[in-house]
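This report concerns only the one structure given below.
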Amino acid sequence: MAEPDPPLARLLVADDNKVNRLLLTRGLELQGHSVSCAENGRIALDMLRREPFDLLLLDIEMPEMDGFQVLEQLTADPKLRDLPVIVTSSLEGLDNIVRCIELGAEDYLPKPVNAVLLKARIGASLEKKRLRDQQKELVRRFATSEVAQDLEQSGFALGGRHVRGSVMFSDIRGFTALVESQPPEETIELLNAYYALMFDAINDHGGVVNQMIGDGLMAIFGAPLPMTDHGVAAVRAALEMVERVELLNTRRLAVDKPAIRIGVGIATGELVAGYTGTQKRATYTCIGDTVNLAARLEEHTKLAQRTILIDPATCAALGGRIPVDLLGAVALRGKALPVEVYAVAGRPAPCA
Amino acid sequence: MSDATIDAATFAELQESAGADFVKELVQTFLEEAPAMLSELRESLAAGQADAFRRAAHSLKSNSLTFGALALAALARELELGGLDAAALQPNALGPLEAEYARVARALEALCRG
């Protein structure tokens with residue numbers, strides 16, 4: 001194949017034996033990688049925690065900290081858990097090799113290491129890591145680290161389940177008119193600034209943005225990872241969003257651009273949550289009455305002339321910690337019975 | 001052929017994959033390091049330190065395999081697997097290994113000059 005050479009990888013060789021270190025380093029450098037060495041497991045771990053490496057070649061028999069202990073520590077460290085490790089050793093006994101694999105080693109190569117085999121294994125490990133990193137990056141762009149973790153741990157399972165959580169819908173008031181009054185690049189610039197601020201506010205309070213449509217977004221609190229107090233978290237996130245929009249507005253007004261306003265609807269209850277889509281392209285989403293209610297409440301902010309509207313279940317979850325005004329029962333589209341609607345009054349009481 | 005001190009095929013393969021000049025350096029490193037492994041074996045045997053004994057035997061085995069010193073590797077492996085307890089029962093447990101190492105060292109030096 002006419003594939004270009006893969007970019008140089010940074011490899012760490014951990015081996016207490018000097019001849020082994022030199023030989024492995026030589027072989028890897030001939031393959032175009034950059035190589036660092038550690039004389040025992042403890043030094044290797046220190047180096048891994050200090051600088052980034054793409055792959056670890058690990059000996060097992062080492063003084064101070066042996067390869068088994070290194071593997072255990074790597075598995076326990078969220079930042080190093082995914083580092084590919086190839087064990088190179090002349091270990092005696094199949095059970096020792098099995099133990100390496102069980103402890104998370106990607107592969108085992110007996111010493112003396114065959115150069116051709118080594119190249120193939122390293123190539124495969126690096127390619128796997130590259131794909132994993134790419135996947136992680138995609139997930140990270142749309143979710144909090146907790147969700148990214150959940151996705152990885154579940155192996156991107158597309159199942160569904162019932163959860164209790166709070167759903168938030170938010171959009172920019174009068175956005176269509178704004179779009180028509182300004183050049184398209186300004187609209188995109190505004191949207192990017194707006195989304196960055198909203199993502200931060202929502203993520204800060206443990207929420208997950210799972211949909212963006214135009215100027216609108218949907219966020220979930222309490223799923224995919226359970227969260228205590230998701231109702232309060234959602235309302236606090238909404239208040240922070242409003243605050244951040246105010247900051248954005250002071251910057252906009254300073255350059256003679258119109259201020260923007262947002263509307264937020266929040267509802268709390270049962271959700272059906274899961275990953276929808278295909279194995280190749282999936283998003284985490286929630287569906288059900290609670291979701292519809294949150295969307296309707298957000299729509300209703302225009303009519304009610306209030307920024308944040310919540311349902312009775314969210315209001316109950318607040319337990320008086322954040323002041324609200326009762327707006328009374330409102331007939332919402334798609335709802336057979338009128339719903340009591342509350343408007344969040346202002347800043348939250350400081351956290352206890 | 002199989003009872004040669006250094007297996008010719010293994011050594012040639014090493015030279016081919018790592019480069020003959022590099023192998024010379026590697027041999028030098030081994031000849032510098034190996035005496036320390038041998039004395040580690042002697043000292044840990046005398047002091048009853050099983051882990052150090054096993055590690056030293058393991059290291060020596062691993063390097064012997066690299067250069068194709070198959071007989072030396074087999075002797076080191078026996079010590080590694082038998083451990084300190086087995087070695088302690090023999091009057092001259094390290095004798096055959098030390099003798100074989102002397103042969104290996106001479107053979108490697110000759111190969112590097114050749």
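Each chain of the structure tokens is named A, B, ... in the order shown, its residues numbered from 1; ligands are numbered from 1 in display order.
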
With a distance cut-off of 7 Å and only C-alpha atoms, select the neighbouring residues of B:Ala50, excluding the residue or stretch itself and same-chain residues fewer than 4 positions from it, and output the selection as a ChimeraX atom specification.
/B:44,54,83-84

Counting only C-alpha atoms, a student should be able to say which residues of chain A come within 10 Å of chain B; what is the right answer, written as an MDAnalysis selection string?
chainID A and resid 16:20 22:24 26:28 30 61:63 89:93 110:116

List every residue of stretch 44-97 of chain B that DSSP, applied to the backbone of this structure, places in helix (DSSP H, G or I), and write the result as a PyMOL selection string.
chain B and resi 44-47+50-67+70-89+95-97

For the selection you just gave me, I'd like the residues written to a file as a short mmCIF file (atom, residue, chain, number, x, y, z; two decimals), in the first residue's frame, keeping C-alpha atoms.
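Final output, saved to selection_12.cif:
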```
data_model
loop_
_atom_site.label_atom_id
_atom_site.label_comp_id
_atom_site.auth_asym_id
_atom_site.auth_seq_id
_atom_site.Cartn_x
_atom_site.Cartn_y
_atom_site.Cartn_z
CA SER B 44 22.64 -13.42 46.72
CA LEU B 45 23.26 -17.17 46.99
CA ALA B 46 25.54 -16.63 49.98
CA ALA B 47 23.15 -14.11 51.59
CA ALA B 50 15.95 -15.42 46.62
CA ASP B 51 14.52 -12.49 44.62
CA ALA B 52 17.91 -11.02 43.75
CA PHE B 53 19.17 -14.49 42.82
CA ARG B 54 16.22 -15.14 40.50
CA ARG B 55 16.51 -11.70 38.88
CA ALA B 56 20.22 -12.06 38.22
CA ALA B 57 19.71 -15.51 36.69
CA HIS B 58 16.83 -14.13 34.63
CA SER B 59 18.92 -11.23 33.33
CA LEU B 60 21.78 -13.50 32.37
CA LYS B 61 19.40 -15.88 30.61
CA SER B 62 17.76 -13.05 28.72
CA ASN B 63 21.07 -11.60 27.45
CA SER B 64 22.46 -15.06 26.59
CA LEU B 65 19.43 -15.71 24.39
CA THR B 66 19.98 -12.37 22.65
CA PHE B 67 23.48 -13.34 21.55
CA LEU B 70 22.24 -21.15 24.17
CA ALA B 71 24.15 -23.32 26.63
CA LEU B 72 24.71 -20.38 28.96
CA ALA B 73 21.03 -19.46 28.63
CA ALA B 74 20.01 -23.01 29.55
CA LEU B 75 22.22 -23.00 32.64
CA ALA B 76 20.92 -19.59 33.73
CA ARG B 77 17.36 -20.71 33.13
CA GLU B 78 17.89 -23.74 35.35
CA LEU B 79 19.05 -21.45 38.14
CA GLU B 80 16.12 -19.09 37.58
CA LEU B 81 13.55 -21.89 37.69
CA GLY B 82 15.23 -23.87 40.48
CA GLY B 83 15.72 -20.75 42.51
CA LEU B 84 17.88 -20.22 45.53
CA ASP B 85 16.73 -23.36 47.35
CA ALA B 86 17.78 -25.75 44.59
CA ALA B 87 21.11 -23.97 44.10
CA ALA B 88 21.85 -23.98 47.82
CA LEU B 89 21.66 -27.80 47.85
CA GLY B 95 30.55 -23.59 38.65
CA PRO B 96 29.20 -24.82 35.29
CA LEU B 97 27.64 -21.43 34.60
#
```

Rounded to one decimal in Å, what is the spacing between atom CA of A:Gly269 and atom CA of A:Gly222?
10.2 Å

Can you pull out the residues contacting A:Ile101? Cut-off 12 Å, using only C-alpha atoms, and skip same-chain residues under 3 positions away; I want them as a PDB file with N, CA and C atoms, in the first residue's frame.
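Saved to around25.pdb:
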```
ATOM      1  N   GLY A  67       7.174  -5.243  36.641  1.00  0.00           N
ATOM      2  CA  GLY A  67       6.221  -4.940  35.578  1.00  0.00           C
ATOM      3  C   GLY A  67       4.773  -5.161  35.984  1.00  0.00           C
ATOM      4  N   PHE A  68       4.512  -6.175  36.808  1.00  0.00           N
ATOM      5  CA  PHE A  68       3.145  -6.418  37.268  1.00  0.00           C
ATOM      6  C   PHE A  68       2.632  -5.210  38.047  1.00  0.00           C
ATOM      7  N   LEU A  71       1.805  -2.354  35.739  1.00  0.00           N
ATOM      8  CA  LEU A  71       0.515  -2.555  35.070  1.00  0.00           C
ATOM      9  C   LEU A  71      -0.645  -2.225  36.008  1.00  0.00           C
ATOM     10  N   GLU A  72      -0.519  -2.650  37.271  1.00  0.00           N
ATOM     11  CA  GLU A  72      -1.578  -2.348  38.244  1.00  0.00           C
ATOM     12  C   GLU A  72      -1.754  -0.850  38.421  1.00  0.00           C
ATOM     13  N   THR A  75      -3.438   0.820  35.383  1.00  0.00           N
ATOM     14  CA  THR A  75      -4.873   0.583  35.311  1.00  0.00           C
ATOM     15  C   THR A  75      -5.617   1.480  36.289  1.00  0.00           C
ATOM     16  N   PRO A  84      -1.120   2.136  25.662  1.00  0.00           N
ATOM     17  CA  PRO A  84      -0.840   0.754  25.246  1.00  0.00           C
ATOM     18  C   PRO A  84       0.484   0.270  25.841  1.00  0.00           C
ATOM     19  N   VAL A  85       0.452  -0.953  26.348  1.00  0.00           N
ATOM     20  CA  VAL A  85       1.653  -1.538  26.943  1.00  0.00           C
ATOM     21  C   VAL A  85       1.948  -2.865  26.249  1.00  0.00           C
ATOM     22  N   ILE A  86       3.150  -2.997  25.770  1.00  0.00           N
ATOM     23  CA  ILE A  86       3.593  -4.288  25.242  1.00  0.00           C
ATOM     24  C   ILE A  86       4.627  -4.840  26.214  1.00  0.00           C
ATOM     25  N   VAL A  87       4.337  -6.002  26.765  1.00  0.00           N
ATOM     26  CA  VAL A  87       5.278  -6.614  27.693  1.00  0.00           C
ATOM     27  C   VAL A  87       6.318  -7.378  26.889  1.00  0.00           C
ATOM     28  N   LEU A  94       3.273 -19.853  31.513  1.00  0.00           N
ATOM     29  CA  LEU A  94       2.151 -19.262  30.801  1.00  0.00           C
ATOM     30  C   LEU A  94       1.301 -18.402  31.736  1.00  0.00           C
ATOM     31  N   ASP A  95       1.209 -18.826  33.009  1.00  0.00           N
ATOM     32  CA  ASP A  95       0.347 -18.085  33.933  1.00  0.00           C
ATOM     33  C   ASP A  95       0.832 -16.645  34.114  1.00  0.00           C
ATOM     34  N   ASN A  96       2.158 -16.444  34.034  1.00  0.00           N
ATOM     35  CA  ASN A  96       2.687 -15.088  34.149  1.00  0.00           C
ATOM     36  C   ASN A  96       2.297 -14.227  32.948  1.00  0.00           C
ATOM     37  N   ILE A  97       2.301 -14.851  31.777  1.00  0.00           N
ATOM     38  CA  ILE A  97       1.916 -14.122  30.565  1.00  0.00           C
ATOM     39  C   ILE A  97       0.430 -13.772  30.633  1.00  0.00           C
ATOM     40  N   VAL A  98      -0.370 -14.749  31.048  1.00  0.00           N
ATOM     41  CA  VAL A  98      -1.808 -14.510  31.195  1.00  0.00           C
ATOM     42  C   VAL A  98      -2.045 -13.372  32.177  1.00  0.00           C
ATOM     43  N   GLY A 104      -3.985  -5.858  31.822  1.00  0.00           N
ATOM     44  CA  GLY A 104      -4.224  -4.795  30.858  1.00  0.00           C
ATOM     45  C   GLY A 104      -3.157  -4.623  29.793  1.00  0.00           C
ATOM     46  N   ALA A 105      -2.160  -5.485  29.783  1.00  0.00           N
ATOM     47  CA  ALA A 105      -1.150  -5.364  28.720  1.00  0.00           C
ATOM     48  C   ALA A 105      -1.812  -5.679  27.385  1.00  0.00           C
ATOM     49  N   GLU A 106      -1.413  -4.935  26.385  1.00  0.00           N
ATOM     50  CA  GLU A 106      -2.012  -5.100  25.067  1.00  0.00           C
ATOM     51  C   GLU A 106      -1.460  -6.347  24.372  1.00  0.00           C
ATOM     52  N   ASP A 107      -0.210  -6.632  24.669  1.00  0.00           N
ATOM     53  CA  ASP A 107       0.432  -7.715  23.945  1.00  0.00           C
ATOM     54  C   ASP A 107       1.628  -8.222  24.742  1.00  0.00           C
ATOM     55  N   TYR A 108       2.105  -9.398  24.373  1.00  0.00           N
ATOM     56  CA  TYR A 108       3.271  -9.958  25.029  1.00  0.00           C
ATOM     57  C   TYR A 108       4.243 -10.449  23.963  1.00  0.00           C
ATOM     58  N   LEU A 109       5.479 -10.012  24.052  1.00  0.00           N
ATOM     59  CA  LEU A 109       6.505 -10.466  23.112  1.00  0.00           C
ATOM     60  C   LEU A 109       7.634 -11.101  23.908  1.00  0.00           C
TER      61      LEU A 109
END
```

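Using only C-alpha atoms, the shortest contact distance between A:Asp15 and any of A:Ala76, A:Val330, A:Ala233, A:Ala38 is found at A:Ala38.
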
Atomic distance atom CA of A:Glu189 - atom CA of A:Gly174, expressed in Å with one decimal
16.8 Å

Selection: 10 Å around B:Glu98, only C-alpha atoms, excl. self and same-chain fewer than 4 positions, as a list in words
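Answer for this query is Pro35, Leu38, Leu72, Leu75, Ala93, Leu94, Ala102, Arg103 and Val104 of chain B.
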
Please dump the current selection as a PDB file, in the first residue's frame; keep N, CA and C atoms.
```pdb
ATOM      1  N   PRO B  35      29.793  -9.668  34.392  1.00  0.00           N
ATOM      2  CA  PRO B  35      30.483  -9.994  35.655  1.00  0.00           C
ATOM      3  C   PRO B  35      29.691  -9.537  36.879  1.00  0.00           C
ATOM      4  N   LEU B  38      27.087 -12.113  37.512  1.00  0.00           N
ATOM      5  CA  LEU B  38      27.666 -13.309  38.119  1.00  0.00           C
ATOM      6  C   LEU B  38      27.950 -13.080  39.603  1.00  0.00           C
ATOM      7  N   LEU B  72      24.702 -21.277  27.798  1.00  0.00           N
ATOM      8  CA  LEU B  72      24.714 -20.382  28.961  1.00  0.00           C
ATOM      9  C   LEU B  72      23.278 -20.022  29.361  1.00  0.00           C
ATOM     10  N   LEU B  75      21.730 -22.908  31.264  1.00  0.00           N
ATOM     11  CA  LEU B  75      22.225 -22.996  32.645  1.00  0.00           C
ATOM     12  C   LEU B  75      21.594 -21.911  33.511  1.00  0.00           C
ATOM     13  N   ALA B  93      27.106 -24.941  42.744  1.00  0.00           N
ATOM     14  CA  ALA B  93      25.948 -24.646  41.902  1.00  0.00           C
ATOM     15  C   ALA B  93      26.279 -23.703  40.751  1.00  0.00           C
ATOM     16  N   LEU B  94      27.198 -22.778  40.950  1.00  0.00           N
ATOM     17  CA  LEU B  94      27.465 -21.763  39.926  1.00  0.00           C
ATOM     18  C   LEU B  94      28.641 -22.130  39.028  1.00  0.00           C
ATOM     19  N   ALA B 102      32.790 -17.957  30.709  1.00  0.00           N
ATOM     20  CA  ALA B 102      34.153 -17.684  30.239  1.00  0.00           C
ATOM     21  C   ALA B 102      34.283 -18.049  28.762  1.00  0.00           C
ATOM     22  N   ARG B 103      33.701 -19.193  28.367  1.00  0.00           N
ATOM     23  CA  ARG B 103      33.732 -19.602  26.949  1.00  0.00           C
ATOM     24  C   ARG B 103      32.968 -18.599  26.081  1.00  0.00           C
ATOM     25  N   VAL B 104      31.788 -18.200  26.568  1.00  0.00           N
ATOM     26  CA  VAL B 104      30.954 -17.259  25.816  1.00  0.00           C
ATOM     27  C   VAL B 104      31.683 -15.934  25.603  1.00  0.00           C
TER      28      VAL B 104
END
```

Atom CA of A:Leu48 to atom CA of A:Ala9, straight-line distance in Å:
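Value for the atom CA of A:Ala9-atom CA of A:Leu48 distance: 14.2 Å.
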
As a compact mmCIF listing (two decimals) with N, CA and C atoms, in the first residue's frame, list the residues of stretch 209-330 of chain A assigned to strand (DSSP E or B) by DSSP on the backbone atoms of this structure.
```txt
# COMPACT_ATOMS: atom_id res chain seq x y z
N VAL A 209 -24.59 18.51 27.32
CA VAL A 209 -25.30 19.01 26.14
C VAL A 209 -25.37 17.87 25.15
N ASN A 210 -26.57 17.50 24.76
CA ASN A 210 -26.63 16.38 23.82
C ASN A 210 -27.21 16.76 22.47
N GLN A 211 -27.75 17.96 22.35
CA GLN A 211 -28.23 18.37 21.03
C GLN A 211 -28.04 19.86 20.83
N MET A 212 -27.67 20.23 19.63
CA MET A 212 -27.62 21.64 19.26
C MET A 212 -28.32 21.76 17.93
N ILE A 213 -29.31 22.62 17.87
CA ILE A 213 -29.98 22.87 16.59
C ILE A 213 -30.06 24.38 16.42
N GLY A 216 -30.50 26.69 19.35
CA GLY A 216 -31.09 25.99 20.50
C GLY A 216 -30.23 24.83 20.95
N LEU A 217 -30.36 24.51 22.23
CA LEU A 217 -29.64 23.34 22.71
C LEU A 217 -30.47 22.60 23.75
N MET A 218 -30.17 21.32 23.87
CA MET A 218 -30.81 20.48 24.88
C MET A 218 -29.72 19.91 25.76
N ALA A 219 -29.97 19.94 27.07
CA ALA A 219 -28.98 19.40 28.00
C ALA A 219 -29.68 18.50 29.01
N ILE A 220 -28.93 17.52 29.49
CA ILE A 220 -29.48 16.54 30.44
C ILE A 220 -28.67 16.59 31.74
N PHE A 221 -29.37 16.55 32.85
CA PHE A 221 -28.72 16.48 34.16
C PHE A 221 -29.21 15.21 34.85
N ILE A 262 -31.72 35.01 26.23
CA ILE A 262 -32.04 33.60 26.06
C ILE A 262 -33.29 33.24 26.85
N GLY A 263 -33.88 32.12 26.47
CA GLY A 263 -34.98 31.55 27.23
C GLY A 263 -34.63 30.12 27.58
N VAL A 264 -34.96 29.73 28.82
CA VAL A 264 -34.59 28.38 29.28
C VAL A 264 -35.81 27.70 29.90
N GLY A 265 -36.05 26.47 29.52
CA GLY A 265 -37.09 25.66 30.14
C GLY A 265 -36.50 24.42 30.77
N ILE A 266 -36.93 24.11 32.00
CA ILE A 266 -36.39 22.93 32.70
C ILE A 266 -37.53 22.09 33.26
N ALA A 267 -37.47 20.78 33.05
CA ALA A 267 -38.44 19.86 33.65
C ALA A 267 -37.71 18.68 34.24
N THR A 268 -38.33 18.10 35.28
CA THR A 268 -37.69 17.00 36.01
C THR A 268 -38.63 15.80 36.05
N GLY A 269 -38.09 14.60 35.88
CA GLY A 269 -38.90 13.38 35.99
C GLY A 269 -38.23 12.19 35.35
N GLU A 270 -39.10 11.22 35.00
CA GLU A 270 -38.62 9.99 34.36
C GLU A 270 -38.18 10.28 32.93
N LEU A 271 -37.07 9.66 32.54
CA LEU A 271 -36.59 9.80 31.16
C LEU A 271 -36.24 8.43 30.63
N VAL A 272 -36.41 8.25 29.35
CA VAL A 272 -35.82 7.08 28.71
C VAL A 272 -34.52 7.56 28.09
N ALA A 273 -33.41 7.02 28.58
CA ALA A 273 -32.11 7.52 28.15
C ALA A 273 -31.32 6.42 27.46
N GLY A 274 -30.58 6.81 26.46
CA GLY A 274 -29.75 5.81 25.79
C GLY A 274 -29.02 6.44 24.63
N TYR A 275 -28.18 5.63 24.02
CA TYR A 275 -27.46 6.10 22.85
C TYR A 275 -28.27 5.73 21.63
N THR A 276 -28.59 6.71 20.81
CA THR A 276 -29.33 6.39 19.60
C THR A 276 -28.45 6.66 18.40
N GLY A 277 -28.71 5.93 17.37
CA GLY A 277 -27.92 6.07 16.15
C GLY A 277 -27.40 4.72 15.74
N ALA A 282 -23.32 7.75 16.98
CA ALA A 282 -24.34 7.67 18.01
C ALA A 282 -24.32 8.92 18.87
N THR A 283 -25.48 9.33 19.34
CA THR A 283 -25.50 10.40 20.32
C THR A 283 -26.30 9.92 21.52
N TYR A 284 -25.97 10.50 22.65
CA TYR A 284 -26.71 10.17 23.86
C TYR A 284 -27.94 11.05 23.88
N THR A 285 -29.09 10.47 24.13
CA THR A 285 -30.28 11.31 24.16
C THR A 285 -31.29 10.79 25.17
N CYS A 286 -32.27 11.65 25.47
CA CYS A 286 -33.35 11.27 26.36
C CYS A 286 -34.65 11.60 25.68
N ILE A 287 -35.64 10.75 25.89
CA ILE A 287 -36.96 11.04 25.35
C ILE A 287 -38.01 10.79 26.40
N ILE A 308 -36.22 32.08 32.78
CA ILE A 308 -36.11 30.66 33.14
C ILE A 308 -37.43 30.16 33.70
N LEU A 309 -38.01 29.17 33.03
CA LEU A 309 -39.26 28.58 33.51
C LEU A 309 -39.03 27.12 33.89
N ILE A 310 -39.66 26.71 35.01
CA ILE A 310 -39.48 25.33 35.46
C ILE A 310 -40.82 24.70 35.80
N VAL A 324 -38.40 31.38 43.56
CA VAL A 324 -39.17 31.25 42.32
C VAL A 324 -40.48 32.02 42.46
N ASP A 325 -41.09 32.38 41.33
CA ASP A 325 -42.43 32.98 41.32
C ASP A 325 -43.38 32.00 40.66
N LEU A 326 -44.53 31.77 41.29
CA LEU A 326 -45.55 30.92 40.68
C LEU A 326 -46.30 31.75 39.64
N LEU A 327 -46.30 31.28 38.38
CA LEU A 327 -47.01 32.01 37.33
C LEU A 327 -48.42 31.48 37.14
N GLY A 328 -48.75 30.34 37.79
CA GLY A 328 -50.07 29.77 37.66
C GLY A 328 -50.11 28.66 36.63
N ALA A 329 -51.29 28.07 36.45
CA ALA A 329 -51.44 26.94 35.54
C ALA A 329 -51.50 27.44 34.11
N VAL A 330 -50.76 26.79 33.25
CA VAL A 330 -50.69 27.21 31.85
C VAL A 330 -51.01 26.01 30.97
```
